[in-house]
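A.B. asks: Here it is, the structure, as structure tokens.
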Amino acid sequence: MSESRLKKSLSAGGRNDRASEDASRAAPEDKFISTQERRKMWSEEWTQSALPKLPTLSGWHLCWLSTTNSYDSIDKRIRLGYVPVKSEELPGYEDYRVKSGEHIGYVSCNEMLLFKLPMDVFQEVMTYQHYEKPRDEADKMRVQVESLQGQRDSNGKSLVNVEGEGIGSYDQQPSKTPVFSG
């Protein structure tokens with residue numbers, strides 16, 4: 001009586017050697033997605049796919065605000081000029097209407113409420129936060145770099161090594177204030 005487990009021949013019993021198995025396996029790189037697919041995935045990762053796409057509302061910037069964020073509260077945003085959107089203001093959004101509780105009649109999705117901000121206030125906020133404030137910070141860095149140029153540490157090594165045209169080269173002419181889309 002002979003057991004099939006004890007057969008020594010590789011060809012007997014349908015066994016293959018490891019070299020032939022290794023050759024047939026795909027390299028891990030072959031499983032990677034393409035650059036285009038990866039970029040699409042990253043792009044989708046940061047979109048608001050869990051919330052409905054919003055229409056435009058003339059003269060207003062629309063945004064979703066969290067009802068659970070204690071630092072950036074709804075009350076704080078209302079004091080800043082945000083106004084809750086009523087479901088009657090957006091045709092087709094009746095299904096998102098809050099039916100009970102503190103926010104009855106407003107547009108909601110999950111724990112988010114839809115708010116609007118007058119476009120002129122939105123432009124003011126965006127210009128300050130994303131244009132003026134960064135330019136002020138860049139000016140501060142430029143002043144720091146300029147004050148350190150030519151200075152040396154206790155070993156005589158220069159404190160600053162400016163590469164290229166330096167930090168001051170980008171801002172020789174004032175640029176036009178951008179207009180932000182709502």
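By order in the structure tokens, chains are A, B, ...; within a chain, residues start at 1; ligands start at 1, following the order shown.
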Give me the residues within 7 Å of region 73-87 of chain A as a list in words, counting only C-alpha atoms and dropping any in the same chain fewer than 5 places off.
C.D. replies: Thr67, Tyr93, Glu94, Arg97, Gly105, Tyr106, Val107, Leu114, Phe115, Lys116 and Leu117 of chain A
A.B. asks: If you run DSSP on the backbone, which residues of region 58-136 of chain A are strand (DSSP E), as number ranges by chain?
C.D. replies: A: 60-66, 83-84, 108-109, 112-118
A.B. asks: For the residues in that selection, give me N, CA and C atoms as a tab-separated table (two decimals), in the first residue's frame.
C.D. replies:
```
chain	number	residue	atom	x	y	z
A	60	TRP	N	-25.60	84.84	-3.27
A	60	TRP	CA	-25.27	84.13	-2.04
A	60	TRP	C	-24.20	83.06	-2.28
A	61	HIS	N	-23.40	82.81	-1.27
A	61	HIS	CA	-22.49	81.67	-1.24
A	61	HIS	C	-23.15	80.63	-0.33
A	62	LEU	N	-23.28	79.39	-0.82
A	62	LEU	CA	-23.89	78.32	-0.03
A	62	LEU	C	-22.82	77.41	0.54
A	63	CYS	N	-23.03	76.95	1.76
A	63	CYS	CA	-22.10	75.99	2.36
A	63	CYS	C	-22.80	75.16	3.43
A	64	TRP	N	-22.26	73.98	3.66
A	64	TRP	CA	-22.78	73.09	4.70
A	64	TRP	C	-22.04	73.39	5.98
A	65	LEU	N	-22.76	73.52	7.09
A	65	LEU	CA	-22.16	73.74	8.39
A	65	LEU	C	-22.56	72.61	9.33
A	66	SER	N	-21.62	72.21	10.17
A	66	SER	CA	-21.85	71.11	11.10
A	66	SER	C	-22.59	71.58	12.34
A	83	VAL	N	-26.79	82.74	7.15
A	83	VAL	CA	-28.24	82.64	7.29
A	83	VAL	C	-28.65	81.22	6.90
A	84	PRO	N	-29.46	80.53	7.72
A	84	PRO	CA	-29.90	79.19	7.33
A	84	PRO	C	-30.81	79.24	6.11
A	108	SER	N	-31.21	70.25	5.47
A	108	SER	CA	-30.26	69.50	6.28
A	108	SER	C	-29.91	68.17	5.61
A	109	CYS	N	-28.71	67.69	5.87
A	109	CYS	CA	-28.28	66.37	5.43
A	109	CYS	C	-27.36	65.82	6.51
A	112	MET	N	-25.45	68.02	9.07
A	112	MET	CA	-25.08	69.29	8.43
A	112	MET	C	-26.33	70.11	8.09
A	113	LEU	N	-26.20	71.42	8.25
A	113	LEU	CA	-27.26	72.35	7.86
A	113	LEU	C	-26.74	73.23	6.73
A	114	LEU	N	-27.60	73.56	5.80
A	114	LEU	CA	-27.22	74.42	4.69
A	114	LEU	C	-27.39	75.88	5.09
A	115	PHE	N	-26.32	76.65	4.88
A	115	PHE	CA	-26.34	78.08	5.19
A	115	PHE	C	-25.92	78.87	3.97
A	116	LYS	N	-26.31	80.14	3.98
A	116	LYS	CA	-25.91	81.04	2.91
A	116	LYS	C	-25.26	82.27	3.52
A	117	LEU	N	-24.36	82.86	2.75
A	117	LEU	CA	-23.63	84.05	3.18
A	117	LEU	C	-23.70	85.04	2.02
A	118	PRO	N	-24.05	86.31	2.29
A	118	PRO	CA	-24.08	87.27	1.19
A	118	PRO	C	-22.74	87.26	0.44
```
A.B. asks: Separation of CA of Lys40 (chain A) and CA of Tyr96 (chain A), in Å?
C.D. replies: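 Going from CA of Lys40 (chain A) over to CA of Tyr96 (chain A) covers 28.5 Å.
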A.B. asks: Calculate how many Å separate CA of Ser181 (chain A) from CA of Gln123 (chain A), rounding to one decimal.
C.D. replies: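 It comes out at 8.4 Å.
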A.B. asks: Need to verify the contact set: Met126 (chain A), 12 Å, only C-alpha atoms, exclusion of same-chain residues closer than 2 positions in sequence. Can you return it as a list in words?
C.D. replies: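 Residues near the query, excluding close chain neighbours: His61, Leu117, Met119, Asp120, Val121, Phe122, Gln123, Glu124, Tyr128, Gln129, His130, Tyr131, Glu132, Lys133, Pro134, Thr177, Pro178, Val179, Phe180, Ser181 and Gly182 of chain A.
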A.B. asks: Could you pull out the alpha helix (DSSP H) residues of region 36-120 of chain A, going by DSSP on the backbone, and write them as a PyMOL selection string?
C.D. replies: chain A and resi 36-45+74-79+119-120
A.B. asks: Can you spit out the residues from that selection as a compact mmCIF listing (two decimals), in the first residue's frame, using N, CA and C atoms?
C.D. replies:
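Resulting contents of selection.txt:
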```txt
# COMPACT_ATOMS: atom_id res chain seq x y z
N GLN A 36 -3.42 58.25 -13.47
CA GLN A 36 -4.71 58.90 -13.70
C GLN A 36 -5.77 58.37 -12.74
N GLU A 37 -5.81 57.05 -12.54
CA GLU A 37 -6.78 56.47 -11.61
C GLU A 37 -6.50 56.92 -10.18
N ARG A 38 -5.21 56.99 -9.81
CA ARG A 38 -4.84 57.42 -8.47
C ARG A 38 -5.27 58.87 -8.23
N ARG A 39 -5.04 59.75 -9.21
CA ARG A 39 -5.44 61.15 -9.08
C ARG A 39 -6.95 61.28 -8.94
N LYS A 40 -7.69 60.47 -9.69
CA LYS A 40 -9.15 60.51 -9.60
C LYS A 40 -9.59 60.08 -8.20
N MET A 41 -8.96 59.03 -7.66
CA MET A 41 -9.30 58.57 -6.32
C MET A 41 -9.01 59.64 -5.29
N TRP A 42 -7.84 60.31 -5.40
CA TRP A 42 -7.50 61.38 -4.45
C TRP A 42 -8.48 62.53 -4.57
N SER A 43 -8.83 62.87 -5.80
CA SER A 43 -9.77 63.95 -6.02
C SER A 43 -11.11 63.63 -5.38
N GLU A 44 -11.59 62.41 -5.57
CA GLU A 44 -12.87 62.00 -5.00
C GLU A 44 -12.80 61.91 -3.48
N GLU A 45 -11.61 61.64 -2.95
CA GLU A 45 -11.42 61.52 -1.50
C GLU A 45 -11.77 62.83 -0.79
N ILE A 74 -22.82 76.73 15.02
CA ILE A 74 -23.83 77.38 14.19
C ILE A 74 -24.08 78.80 14.70
N ASP A 75 -24.17 78.97 16.02
CA ASP A 75 -24.41 80.31 16.59
C ASP A 75 -23.29 81.28 16.22
N LYS A 76 -22.05 80.80 16.23
CA LYS A 76 -20.91 81.64 15.86
C LYS A 76 -21.03 82.08 14.40
N ARG A 77 -21.40 81.15 13.52
CA ARG A 77 -21.54 81.47 12.10
C ARG A 77 -22.70 82.45 11.87
N ILE A 78 -23.77 82.32 12.62
CA ILE A 78 -24.90 83.25 12.48
C ILE A 78 -24.46 84.66 12.87
N ARG A 79 -23.66 84.78 13.93
CA ARG A 79 -23.13 86.09 14.33
C ARG A 79 -22.22 86.68 13.24
N MET A 119 -22.80 87.32 -0.89
CA MET A 119 -21.60 87.20 -1.71
C MET A 119 -20.58 88.28 -1.39
N ASP A 120 -21.01 89.50 -1.05
CA ASP A 120 -20.03 90.54 -0.73
C ASP A 120 -19.28 90.22 0.56
```
A.B. asks: To one decimal in Å, tell me the separation between CA of Tyr71 (chain A) and CA of Met141 (chain A).
C.D. replies: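 It comes out at 29.6 Å.
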